[in-house]
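This is input_35.cif (mmCIF, C-alpha atoms and all ligand atoms).
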```cif
data_input
#
loop_
_atom_site.label_atom_id
_atom_site.label_comp_id
_atom_site.auth_asym_id
_atom_site.auth_seq_id
_atom_site.Cartn_x
_atom_site.Cartn_y
_atom_site.Cartn_z
CA MET A 1 107.89 20.05 35.55
CA ASN A 2 110.04 23.07 34.80
CA ILE A 3 113.33 23.65 33.05
CA GLY A 4 114.43 27.01 34.40
CA PRO A 5 111.49 29.34 33.78
CA TYR A 6 109.79 27.00 31.29
CA LEU A 7 106.83 24.96 32.46
CA LEU A 8 106.52 21.82 30.34
CA ALA A 9 103.19 20.28 29.35
CA ASN A 10 104.22 16.85 30.66
CA ASN A 11 107.25 14.70 31.47
CA LEU A 12 107.34 12.69 28.23
CA PHE A 13 110.20 13.94 26.08
CA ALA A 14 111.28 13.28 22.49
CA ALA A 15 115.00 12.40 22.37
CA PRO A 16 117.38 14.27 20.10
CA MET A 17 118.25 12.06 17.11
CA ALA A 18 120.54 13.45 14.44
CA GLY A 19 118.98 13.04 11.02
CA VAL A 20 115.57 12.25 12.56
CA THR A 21 114.32 14.84 15.04
CA ASP A 22 114.27 17.76 12.66
CA ARG A 23 111.69 20.52 13.06
CA PRO A 24 108.83 18.71 11.24
CA PHE A 25 109.29 15.59 13.33
CA ARG A 26 109.65 17.50 16.60
CA GLN A 27 106.47 19.45 15.85
CA LEU A 28 104.63 16.23 15.15
CA CYS A 29 105.82 14.71 18.44
CA ARG A 30 104.76 17.82 20.34
CA GLN A 31 101.38 17.86 18.62
CA LEU A 32 100.90 14.19 19.54
CA GLY A 33 101.66 14.54 23.22
CA ALA A 34 105.40 15.03 23.82
CA GLY A 35 105.90 17.68 26.49
CA TYR A 36 109.32 18.60 25.18
CA ALA A 37 111.55 17.88 22.20
CA VAL A 38 115.27 18.57 21.85
CA SER A 39 116.71 19.42 18.45
CA GLU A 40 119.38 17.42 16.65
CA MET A 41 122.89 18.30 17.71
CA VAL A 42 124.59 21.34 16.22
CA THR A 43 128.37 21.33 15.97
CA SER A 44 130.44 23.84 17.92
CA ARG A 45 132.76 24.19 14.91
CA ARG A 46 132.21 27.73 13.68
CA GLU A 47 133.34 26.95 10.12
CA LEU A 48 130.34 24.61 9.73
CA TRP A 49 127.66 26.98 11.01
CA ALA A 50 126.91 28.40 7.56
CA SER A 51 126.48 24.91 6.07
CA LEU A 52 123.06 23.91 4.80
CA LYS A 53 122.93 21.01 7.28
CA THR A 54 123.59 23.22 10.31
CA SER A 55 121.27 25.98 9.17
CA ARG A 56 118.47 23.44 8.67
CA ARG A 57 119.14 22.11 12.15
CA ALA A 58 118.93 25.64 13.52
CA ASP A 59 115.56 26.26 11.84
CA HIS A 60 112.86 26.63 14.51
CA GLN A 61 110.25 28.52 12.52
CA GLY A 62 106.80 28.06 14.00
CA GLU A 63 108.02 25.54 16.58
CA PRO A 64 106.29 25.61 19.96
CA GLY A 65 108.60 26.69 22.79
CA PRO A 66 110.73 26.14 24.65
CA ILE A 67 113.22 25.83 21.80
CA ALA A 68 115.99 23.52 22.98
CA VAL A 69 119.17 23.28 20.92
CA GLN A 70 121.74 20.61 21.54
CA ILE A 71 125.39 21.48 20.98
CA ALA A 72 128.31 19.11 20.58
CA GLY A 73 132.01 19.78 20.73
CA THR A 74 135.28 19.27 22.51
CA ALA A 75 136.57 22.65 23.59
CA ALA A 76 135.00 24.73 26.35
CA ALA A 77 135.48 28.09 24.59
CA MET A 78 134.00 26.81 21.33
CA MET A 79 131.04 25.29 23.13
CA ALA A 80 130.41 28.59 24.92
CA GLU A 81 130.52 30.39 21.57
CA ALA A 82 128.17 27.84 20.03
CA ALA A 83 125.73 28.36 22.89
CA ALA A 84 125.76 32.14 22.40
CA TYR A 85 125.36 31.73 18.63
CA ASN A 86 122.31 29.51 19.04
CA ILE A 87 120.77 31.79 21.65
CA GLU A 88 121.03 34.65 19.15
CA ARG A 89 119.09 32.43 16.73
CA GLY A 90 116.29 31.66 19.12
CA ALA A 91 117.46 28.88 21.43
CA GLN A 92 115.74 29.14 24.83
CA ILE A 93 117.48 26.13 26.36
CA ILE A 94 120.97 24.82 25.53
CA ASP A 95 121.58 21.09 25.87
CA ILE A 96 125.14 19.76 25.96
CA ASN A 97 125.67 16.45 24.16
CA MET A 98 127.71 13.99 26.19
CA GLY A 99 125.65 11.04 25.08
CA CYS A 100 126.29 10.41 21.43
CA PRO A 101 128.55 7.47 20.58
CA ALA A 102 128.85 8.27 16.87
CA LYS A 103 132.39 7.84 15.55
CA LYS A 104 132.34 11.16 13.79
CA VAL A 105 131.73 12.81 17.14
CA CYS A 106 133.84 10.55 19.34
CA ASN A 107 136.92 10.63 17.14
CA LYS A 108 137.00 14.29 17.88
CA TRP A 109 136.59 13.52 21.56
CA ALA A 110 133.05 14.86 21.76
CA GLY A 111 129.69 13.31 22.67
CA SER A 112 129.92 10.52 25.22
CA ALA A 113 133.72 10.32 24.77
CA LEU A 114 133.89 13.44 26.93
CA MET A 115 132.79 11.38 29.92
CA GLN A 116 136.27 9.89 30.01
CA ASP A 117 137.85 13.27 30.69
CA GLU A 118 135.98 14.48 33.76
CA THR A 119 137.95 17.72 34.03
CA LEU A 120 137.27 18.72 30.45
CA ALA A 121 133.62 17.65 30.71
CA THR A 122 133.17 19.84 33.78
CA GLU A 123 135.00 22.77 32.17
CA ILE A 124 132.67 22.56 29.19
CA ALA A 125 129.59 22.60 31.44
CA GLN A 126 130.96 25.59 33.39
CA ALA A 127 131.82 27.54 30.22
CA VAL A 128 128.43 26.92 28.62
CA VAL A 129 126.56 27.87 31.80
CA LYS A 130 128.61 31.07 32.01
CA ALA A 131 127.79 31.94 28.39
CA CYS A 132 124.07 31.26 28.86
CA ALA A 133 123.54 32.86 32.28
CA PRO A 134 123.47 36.51 31.09
CA HIS A 135 120.65 35.57 28.69
CA GLY A 136 118.67 33.73 31.36
CA VAL A 137 119.00 30.55 29.27
CA PRO A 138 119.04 27.29 31.25
CA VAL A 139 121.67 24.68 30.37
CA THR A 140 120.84 20.98 30.37
CA LEU A 141 123.08 18.02 29.60
CA LYS A 142 122.61 14.55 28.16
CA MET A 143 125.04 11.77 28.98
CA ARG A 144 125.41 8.02 29.23
CA THR A 145 126.07 5.94 32.35
CA GLY A 146 129.81 6.12 31.71
CA TRP A 147 132.59 5.32 29.35
CA ARG A 148 132.54 1.57 29.82
CA HIS A 149 130.92 -0.93 32.20
CA SER A 150 133.83 -0.83 34.67
CA HIS A 151 133.91 2.96 34.46
CA ARG A 152 130.39 4.17 35.08
CA ASN A 153 130.99 7.69 36.36
CA ALA A 154 127.59 9.24 35.65
CA VAL A 155 126.91 9.89 39.35
CA LYS A 156 130.23 11.66 39.92
CA LEU A 157 129.81 13.72 36.78
CA ALA A 158 126.17 14.51 37.57
CA ARG A 159 127.25 16.11 40.86
CA ALA A 160 129.95 18.11 39.07
CA PHE A 161 127.49 19.26 36.40
CA GLU A 162 124.95 20.28 39.02
CA ASP A 163 127.63 22.30 40.82
CA ALA A 164 128.51 23.90 37.49
CA GLY A 165 124.91 25.14 37.19
CA VAL A 166 123.40 22.60 34.79
CA GLN A 167 119.64 22.59 35.41
CA MET A 168 118.53 19.19 34.10
CA LEU A 169 120.35 15.92 33.38
CA THR A 170 119.29 13.22 30.96
CA VAL A 171 120.89 9.81 31.33
CA HIS A 172 120.79 7.14 28.63
CA GLY A 173 121.20 3.84 30.49
CA ARG A 174 124.10 2.58 28.39
CA THR A 175 127.84 3.12 28.43
CA ARG A 176 129.72 4.65 25.52
CA GLU A 177 131.31 1.26 24.84
CA GLN A 178 127.88 -0.35 24.41
CA GLY A 179 126.87 1.88 21.51
CA TYR A 180 123.26 0.78 21.00
CA GLY A 181 123.89 -2.88 21.80
CA GLY A 182 122.78 -4.82 24.85
CA HIS A 183 120.13 -3.35 27.09
CA ALA A 184 119.77 -0.10 28.93
CA GLU A 185 120.19 -0.41 32.73
CA TYR A 186 118.31 1.82 35.10
CA ASP A 187 120.28 1.38 38.35
CA THR A 188 122.78 4.07 37.39
CA ILE A 189 119.94 6.40 36.40
CA ALA A 190 118.31 5.81 39.79
CA ALA A 191 121.66 6.53 41.49
CA VAL A 192 122.02 9.79 39.55
CA LYS A 193 118.48 10.80 40.53
CA ALA A 194 119.27 10.10 44.18
CA ALA A 195 122.51 12.09 44.00
CA VAL A 196 121.32 15.43 42.60
CA ARG A 197 118.55 17.96 43.18
CA VAL A 198 118.07 19.03 39.54
CA PRO A 199 115.48 17.12 37.47
CA VAL A 200 116.72 13.85 35.97
CA VAL A 201 115.39 12.33 32.76
CA ALA A 202 115.61 8.57 32.20
CA ASN A 203 116.30 7.36 28.67
CA GLY A 204 116.94 4.10 26.86
CA ASP A 205 114.80 1.26 25.49
CA ILE A 206 111.46 2.70 26.58
CA ALA A 207 108.97 1.58 23.96
CA THR A 208 105.73 0.61 25.72
CA PRO A 209 103.41 2.22 28.25
CA GLU A 210 104.32 -0.46 30.81
CA GLN A 211 108.05 0.24 30.36
CA ALA A 212 107.40 3.97 30.76
CA ARG A 213 105.55 3.36 34.03
CA ASP A 214 108.20 0.92 35.32
CA VAL A 215 111.20 3.10 34.45
CA LEU A 216 109.61 6.14 36.10
CA ALA A 217 108.83 4.11 39.22
CA TYR A 218 112.20 2.33 39.39
CA THR A 219 114.47 5.32 38.77
CA LYS A 220 112.20 7.94 40.39
CA ALA A 221 113.25 10.10 37.44
CA ASP A 222 111.29 13.29 36.85
CA ALA A 223 110.72 12.50 33.18
CA ILE A 224 111.40 9.94 30.48
CA MET A 225 112.82 10.46 27.01
CA ILE A 226 111.84 8.38 24.00
CA GLY A 227 114.01 8.03 20.91
CA ARG A 228 113.75 5.08 18.53
CA ALA A 229 110.29 4.00 19.63
CA ALA A 230 108.94 7.32 18.31
CA GLN A 231 110.35 6.76 14.83
CA GLY A 232 107.35 6.23 12.55
CA ARG A 233 105.17 6.29 15.65
CA PRO A 234 105.03 9.86 16.93
CA TRP A 235 101.66 9.18 18.57
CA ILE A 236 103.49 7.04 21.15
CA PHE A 237 103.58 10.08 23.43
CA ARG A 238 99.82 10.33 23.75
CA GLU A 239 99.61 6.56 24.26
CA LEU A 240 102.12 6.77 27.12
CA ALA A 241 100.35 9.80 28.62
CA TYR A 242 97.00 8.03 28.49
CA PHE A 243 98.34 4.87 30.12
CA LEU A 244 100.18 6.77 32.85
CA ALA A 245 97.02 8.73 33.65
CA ASN A 246 94.48 5.90 33.39
CA GLY A 247 96.30 2.57 33.69
CA THR A 248 94.62 1.33 30.52
CA HIS A 249 95.66 1.39 26.89
CA LEU A 250 94.46 3.96 24.40
CA ALA A 251 93.04 2.36 21.24
CA PRO A 252 95.53 2.35 18.34
CA PRO A 253 95.08 5.34 16.01
CA LEU A 254 92.72 5.18 13.06
CA VAL A 255 94.46 4.30 9.79
CA ALA A 256 92.87 7.44 8.32
CA GLU A 257 94.51 9.57 11.01
CA VAL A 258 97.96 8.07 10.42
CA ARG A 259 97.50 8.59 6.67
CA ARG A 260 96.76 12.27 7.31
CA LEU A 261 99.63 12.66 9.81
CA LEU A 262 102.17 11.07 7.50
CA LEU A 263 101.08 13.14 4.49
CA GLU A 264 101.32 16.31 6.59
CA HIS A 265 104.70 15.17 7.89
CA LEU A 266 105.91 14.68 4.32
CA HIS A 267 104.69 18.13 3.21
CA ASP A 268 106.55 19.74 6.12
CA HIS A 269 109.62 17.61 5.40
CA TYR A 270 109.76 18.70 1.73
CA GLY A 271 109.25 22.28 2.92
CA LEU A 272 112.40 22.09 5.06
CA TYR A 273 114.66 20.06 2.75
CA GLY A 274 113.36 20.92 -0.71
CA GLU A 275 112.23 18.47 -3.38
CA PHE A 276 115.44 16.56 -4.15
CA THR A 277 116.85 16.04 -0.66
CA GLY A 278 113.38 15.93 0.90
CA VAL A 279 112.18 12.98 -1.18
CA ARG A 280 115.32 11.01 -0.37
CA SER A 281 115.48 11.77 3.34
CA ALA A 282 111.74 11.16 3.73
CA ARG A 283 112.23 7.51 2.73
CA LYS A 284 113.51 6.49 6.15
CA HIS A 285 110.52 8.09 7.88
CA ILE A 286 108.07 6.39 5.50
CA GLY A 287 109.94 3.13 6.09
CA TRP A 288 109.47 3.46 9.85
CA TYR A 289 105.75 4.22 9.57
CA VAL A 290 105.06 1.17 7.40
CA LYS A 291 107.73 -1.14 8.84
CA SER A 292 105.47 -3.49 10.76
CA LEU A 293 102.37 -3.14 8.59
CA PRO A 294 101.08 -5.79 6.18
CA GLY A 295 102.96 -5.28 2.89
CA GLY A 296 105.22 -2.71 4.61
CA ALA A 297 108.56 -4.31 3.68
CA ALA A 298 107.74 -4.49 -0.03
CA PHE A 299 106.34 -0.96 0.02
CA ARG A 300 109.48 0.30 1.73
CA ALA A 301 111.66 -1.26 -0.96
CA ARG A 302 109.46 0.18 -3.72
CA MET A 303 109.74 3.67 -2.22
CA ASN A 304 113.47 3.73 -2.97
CA SER A 305 112.78 4.07 -6.69
CA VAL A 306 110.19 6.85 -6.38
CA GLU A 307 112.09 10.03 -7.15
CA ASP A 308 109.60 12.88 -6.77
CA SER A 309 107.38 14.18 -4.01
CA ALA A 310 104.13 13.84 -6.00
CA GLY A 311 104.87 10.15 -6.59
CA GLN A 312 105.85 9.62 -2.96
CA LEU A 313 102.69 11.29 -1.63
CA HIS A 314 100.51 9.38 -4.05
CA ALA A 315 102.07 6.02 -3.15
CA VAL A 316 101.78 6.68 0.60
CA ALA A 317 98.12 7.72 0.28
CA ALA A 318 97.35 4.60 -1.79
CA PHE A 319 99.14 2.33 0.71
CA PHE A 320 97.11 3.65 3.62
CA ASP A 321 93.87 3.62 1.59
CA GLU A 322 94.44 -0.06 0.98
CA LEU A 323 95.17 -0.65 4.66
CA ALA A 324 91.99 1.25 5.58
CA SER A 325 90.00 -1.12 3.39
CA ILE A 326 91.18 -4.00 5.62
CA THR A 327 91.13 -2.36 9.06
CA ASP A 328 89.93 0.89 10.65
CA ARG A 329 92.63 1.02 13.28
CA MET A 330 96.39 0.58 13.04
CA PRO A 331 97.39 -3.01 13.75
CA VAL A 332 99.12 -3.43 17.12
CA THR A 333 102.80 -3.88 16.30
CA ALA A 334 105.91 -4.88 18.22
CA PRO A 335 107.92 -2.09 19.84
CA LEU A 336 110.64 -0.65 17.67
CA ALA A 337 113.26 0.17 20.28
CA GLY A 338 116.34 -1.91 20.95
CA GLU A 339 117.38 -2.09 17.32
CA GLU A 340 120.67 -0.99 15.89
CA GLU A 341 120.29 2.22 13.91
CA ALA A 342 122.87 4.05 11.88
CA ILE A 343 123.79 7.28 13.59
CA GLU A 344 124.28 10.24 11.37
CA ALA A 345 126.33 12.80 13.28
C1 LIG B 401 119.50 7.89 14.72
C2 LIG B 401 119.88 8.38 16.09
C3 LIG B 401 120.48 9.63 16.24
C4 LIG B 401 120.83 10.09 17.51
N1 LIG B 401 121.36 11.35 17.64
C5 LIG B 401 121.60 11.86 18.88
C6 LIG B 401 122.02 13.22 19.04
O1 LIG B 401 122.16 13.98 18.10
N2 LIG B 401 122.23 13.63 20.32
C7 LIG B 401 122.07 12.83 21.41
O2 LIG B 401 122.27 13.27 22.54
N3 LIG B 401 121.66 11.55 21.27
C8 LIG B 401 121.41 11.06 20.04
N4 LIG B 401 120.93 9.79 19.91
C9 LIG B 401 120.64 9.00 21.13
C10 LIG B 401 119.17 9.17 21.55
O3 LIG B 401 118.89 10.49 21.93
C11 LIG B 401 118.83 8.24 22.73
O4 LIG B 401 119.67 8.57 23.81
C12 LIG B 401 119.04 6.76 22.39
O5 LIG B 401 118.48 6.44 21.12
C13 LIG B 401 118.41 5.84 23.47
O6 LIG B 401 117.04 6.07 23.58
P1 LIG B 401 115.94 5.09 22.89
O7 LIG B 401 116.24 3.69 23.36
O8 LIG B 401 114.62 5.62 23.36
O9 LIG B 401 116.13 5.20 21.40
C14 LIG B 401 120.60 9.29 18.66
C15 LIG B 401 120.00 8.04 18.50
C16 LIG B 401 119.64 7.56 17.25
C17 LIG B 401 118.98 6.22 17.11
#
```
Please express what this file holds, its structure, as structure tokens.
Amino acid sequence: MNIGPYLLANNLFAAPMAGVTDRPFRQLCRQLGAGYAVSEMVTSRRELWASLKTSRRADHQGEPGPIAVQIAGTAAAMMAEAAAYNIERGAQIIDINMGCPAKKVCNKWAGSALMQDETLATEIAQAVVKACAPHGVPVTLKMRTGWRHSHRNAVKLARAFEDAGVQMLTVHGRTREQGYGGHAEYDTIAAVKAAVRVPVVANGDIATPEQARDVLAYTKADAIMIGRAAQGRPWIFRELAYFLANGTHLAPPLVAEVRRLLLEHLHDHYGLYGEFTGVRSARKHIGWYVKSLPGGAAFRARMNSVEDSAGQLHAVAAFFDELASITDRMPVTAPLAGEEEAIEA
């Protein structure tokens, strides 16, 4: 499928997750079969653009295209400015965040809170499209099914966004009120798909090849987007691709391959964040990789007291060496999606 002029390798997308889908993780997902990966959201507040956090989020060095940057904010003019700013820094696609339920975002009336104010939401889409059009940059938008269960306005908004010139819509099958609780529903996503001509991406609680197949079939969406199930399991994309193409399961990865992938991931992670911050923020990734493995919980706890990258790399290598002495392939573990996760806005 295409987003504007960009032909994507497949229709399996990595979801934007603040504090998770940084450049190293996005590259890993792409390398392991994701056709597309959206960056973590960047604020539209100009005074924060020079901050270390925002500049790290805007770092796309060596990343395979198309480079998609997600912007979040509450005022149309500021969002338009943020789009232009990110285009100057290499963004090839601008994604508008109307899906995030994080308090920090919603208190300022951004993210999925915008879905409650349809006029403002539409004005934002129009302003961002207008700012991007002269650069030939497509605008996409990610939203939820609505503000609350009794107020699911995704279909109405989808039509308005399409009219505004938005070129792809992603729908997470939950309302703002749900946060990450309950289950995603796919009826509203199917209704959005039926209502618009632009490509629609289905998102929410997709963690297995069977779920990927069923959500694609049920919603008739053009693509699916995977968030939490890719945490500590970036090879999920090639597993989904294999199943969708062949109807059978790909064998779990070799322990030796995961050891190599995680060590490379950590090196890239330290490269982006530096030693001090890198070692600390890498802990959550390591925790996700080992979460369901034998001895994983104890290892995860032990990692919190390792304070330098050499120690972290050494411990990770030793953990996977020990696992490799028991089994060649990664044990088959339960899907990770559907859990509550702290959202860092
Ligand atoms: C830790 C975390 C951070 C997230 N950050 C963002 C974000 O920056 N922008 C956004 O649109 N959605 C964000 N989301 C929502 C995800 O993109 C996705 O819509 C949601 O997790 C549902 O998909 P899943 O069930 O596959 O995880 C975040 C989710 C998580 C768990």
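In this structure, atom CA of Ala251 of chain A sits 8.4 Å away from atom CA of Glu239 of chain A.
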**Request:** Would you mind listing what lies within 6 Å of segment 108-125 of chain A as JSON, numbers by chain, with only C-alpha atoms counted and same-chain residues fewer than 5 positions away left out?
**Result:** {"A": [73, 74, 76, 97, 98, 99, 100, 101, 147, 176]}
Would you write out those residues with C-alpha atoms, as a short mmCIF file (atom, residue, chain, number, x, y, z; two decimals), in the frame of the given file?
```cif
data_model
loop_
_atom_site.label_atom_id
_atom_site.label_comp_id
_atom_site.auth_asym_id
_atom_site.auth_seq_id
_atom_site.Cartn_x
_atom_site.Cartn_y
_atom_site.Cartn_z
CA GLY A 73 132.01 19.78 20.73
CA THR A 74 135.28 19.27 22.51
CA ALA A 76 135.00 24.73 26.35
CA ASN A 97 125.67 16.45 24.16
CA MET A 98 127.71 13.99 26.19
CA GLY A 99 125.65 11.04 25.08
CA CYS A 100 126.29 10.41 21.43
CA PRO A 101 128.55 7.47 20.58
CA TRP A 147 132.59 5.32 29.35
CA ARG A 176 129.72 4.65 25.52
#
```
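Using all atoms listed in the file, the shortest contact distance between ligand LIG 401 (chain B) and any of A:Val128, A:Ala14, A:Leu169, A:Met41 is found at A:Met41.
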**Asked** For the atom pair atom CA of Gly278 of chain A and atom CA of Glu264 of chain A, what is the interatomic distance in Å to one decimal place?
**Response** 13.3 Å
**Point-to-point distance from atom CA of Val316 of chain A to atom CA of Ile286 of chain A, Å rounded to tenths** = 8.0 Å
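With all atoms listed in the file as the basis for measurement, A:Leu323 is the residue among A:Ala68, A:Leu32, A:Leu323, A:Cys132 that approaches Gly295 of chain A most closely.
For ligand LIG 401 (chain B), the neighbouring protein, DNA and RNA residues, which are those within 6 Å when only C-alpha atoms and all ligand atoms are counted, are Ala15, Pro16, Met17, Ala18, Glu40, Met41, Asn97, Gly99, Cys100, Lys142, His172, Asn203, Gly204, Asp205, Ile206, Ile226, Gly227, Arg228, Ala229, Ala337, Glu341, Ala342 and Ile343 of chain A.
Each of A:Pro331, A:Gly271, A:Gly4, A:Pro199 was checked against Pro294 of chain A using only C-alpha atoms; the smallest atom-to-atom distance is that of A:Pro331.
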**Surrounding residues of Asp321 of chain A excluding itself and chain neighbours under 3 positions, 9 Å, all atoms listed in the file, as a count of residues only** = 8
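You can rank A:Gln178, A:Gln126, A:Gln231, A:Asn86 by their closest distance to Ala164 of chain A using all atoms listed in the file, and at the top of that list sits A:Gln126.
Minimum atom-to-atom distance to Ser281 of chain A, evaluated using all atoms listed in the file, belongs to A:Gly19 out of A:His151, A:Met78, A:Gly19, A:Ala202.
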**Message:** Residues within 10 Å of (128.7, 23.1, 16.7), file coordinates, counting only C-alpha atoms: what are they? Give the list as a PyMOL selection string.
**Reply:** chain A and resi 41-49+54+70-74+78-79+81-83+85-86
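Near Ala191 of chain A, within a cut-off of 9 Å and counting only C-alpha atoms, sit the residues Ala154, Val155, Tyr186, Val196 and Thr219 of chain A, with same-chain residues fewer than 5 positions away left out.
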Please write the residues from the selection above to a file, keeping C-alpha atoms, as an mmCIF file, keeping the file's coordinate frame.
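This went into out.cif:
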```cif
data_model
loop_
_atom_site.group_PDB
_atom_site.id
_atom_site.type_symbol
_atom_site.label_atom_id
_atom_site.label_comp_id
_atom_site.auth_asym_id
_atom_site.auth_seq_id
_atom_site.Cartn_x
_atom_site.Cartn_y
_atom_site.Cartn_z
ATOM 1 C CA ALA A 154 127.590 9.240 35.650
ATOM 2 C CA VAL A 155 126.910 9.890 39.350
ATOM 3 C CA TYR A 186 118.310 1.820 35.100
ATOM 4 C CA VAL A 196 121.320 15.430 42.600
ATOM 5 C CA THR A 219 114.470 5.320 38.770
#
```
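Candidate residues A:Gly146, A:Gly296, A:Gly35, A:Gly274 were compared for distance to Ile224 of chain A, and the nearest is A:Gly35, using all atoms listed in the file.
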